[in-house]
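Novice: I'd like to ask some things about the structure below.
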Amino acid sequence: MLTSSLGRMGAIAAALVMLALPAPAQTPGAVPLGQVRTVDGHVRRPGPDGAPVPLVRQLVLLHRVGQDRAGPLDSVHTDAAGAYHFTYKTSGAPDAVYFASTRYSGIAYFTAPLEAQHVSGTDGDIIVYDTTSRGITLHLAGRHIVVSAPDANGLRDVAEVYDLSNDSTRTLIARDSVTPLWTAPLPAGAQSPAVNGGDVAPGAVSFTGNEVRLFAPVGPGIRQLAVAYQLAASAFPLSLPVGGSGMLEVLLEESSATPTLAGLKPQASISAQGRAFKRYLAQDIPDGAVLRIAVNAVSDRTRTRDIAAIALAMALIMGAALLLALRRRRRAGDAAAGGTHTGPAPVAPVAPVLLHATPLEQARFELARLDAAHARAGDGDETAAERYRVDRAALEARIARALAEERGTP
């Protein structure tokens with residue numbers, strides 16, 4: 001159950017904070033060079049009854065992404081059964097990642113990285129979804145808030161990560177360029193708001209009138225939107241509307257900071273590299289609830305950065321537990337209904353920020369680094385933007401595969 005999953009997270013929270021702080025990237029495992037490989041898969045979409053429907057004559061691309069170069073290697077159209085096949089040879093830098101992709105209704109979908117010499121079955125399959133701009137409401141499955149100690153100027157870094165859940169079997173897209181899919185309020189006086197990591201690119205979010213406005217397509221499953229900003233001392237005591245969230249996590253760096261919210265329970269504190277965070281959790285936040293954070297006068301200590309990375313690291317493990325709990329709940333519901341299948345369970349790639357651990361954690365860490373570098377550099381020219389999109393897609397595919405392996409999904 002979700003409650004027990006949350007309880008187990010306290011033991012690894014400190015490690016996550018440590019992992020969220022800057023550290024050198026690891027070297028990915030080497031790919032055998034000159035190896036002839038094959039991949040066989042199908043491109044399908046959920047039908048009206050949830051059963052997969054093959055897509056005929058659907059263009060599928062084979063990609064290679066490495067430190068030396070990145071780009072498509074081959075392309076093919078699916079046959080009458082929605083099947084495709086590639087034969088290719090590994091080459092170049094040994095860190096290269098290979099994967100297949102297709103575009104459906106303007107949205108790109110990817111396989112997991114093609115790591116075996118002969119890939120087939122679910123590892124080669126691509127599930128796409130119809131798109132819609134109406135009839136779907138995004139739910140706030142979780143929210144994570146981190147407030148730093150003040151700097152010498154009295155500014156506190158604040159990071160928020162929203163776990164947005166699309167419970168349908170369609171990808172939700174914006175109706176137009178001025179109507180967002182989802183919005184959230186920013187506190188009055190929020191300075192320099194920006195997207196920092198997560199599953200959403202900076203260009204797909206705007207900050208207008210103290211409001212976060214999301215325009216990026218949101219596919220079935222859970223997507224994480226990570227936002228960072230600064231608040232002056234005058235903004236405290238801080239009041240944040242948090243109603244309607246399935247779970248809430250709060251991390252406070254100052255020992256004197258005090259959160260107030262019905263049902264918010266203290267957890268084991270987190271310490272790493274001289275930094276300490278008090279941690280609190282709550283579940284099933286009612287509509288209209290407001291979190292209040294009070295602090296003492298600004299101290300003379302200087303806070304360090306990376307608050308957004310810490311928020312994202314914590315949100316990762318919480319999001320993974322939430323996804324597992326939702327899947328268990330769905331399976332239990334299907335069993336209670338006599339095994340009736342009402343549609344495919346959404347698969348949610350969960351994003352970044354860990355290293356020195358499992359393949360899943362490594363891929364997440366690399367994705368966080370990629371997003372941070374892209375945010376610093378900006379969109380740049382079209383070549384750089386395309387490289388970023390391809391690199392990010394490859395990392396998301398690695399994460400999806402690692403999640404499936406850890407859960408024992410066939």
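If you're wondering about the labels, chains in the structure tokens are A, B, ... by order shown, residues count from 1 in each chain, ligands from 1 in order shown.
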Apply DSSP to the structure's backbone, then extract all residues of region 35-132 of chain A labelled strand (DSSP E or B) and return them as a ChimeraX atom specification.
Specialist: /A:36-46,52-54,59-65,70-77,83-89,97-104,107-110,118-119,126-127,131-132
Novice: Hey, what's within 8 Å of Gln283 (chain A) if we count only C-alpha atoms and toss same-chain stuff fewer than 6 positions away? As an MDAnalysis selection string, please?
Specialist: chainID A and resid 245:248 263:264
Novice: Would you please work out which residue, of A:Arg213, A:Arg392, A:Arg401, A:Arg44, is nearest to Asp125 (chain A) when using only C-alpha atoms?
Specialist: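 For Asp125 (chain A), the nearest of the candidates is A:Arg44.
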Novice: Compare A:Gln58, A:Thr131, A:Thr38, A:Asn153 by their minimum atom-to-atom distance to Phe99 (chain A), counting only C-alpha atoms, and give me the closest one.
Specialist: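 Checking each candidate against Phe99 (chain A), we get A:Thr38 as the closest.
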Novice: Smallest atom-to-atom distance to Ala184 (chain A): which of A:Pro241, A:Pro72, A:Gly82, A:Gly47, using only C-alpha atoms?
Specialist: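 Closest to Ala184 (chain A), using only C-alpha atoms: A:Pro241.
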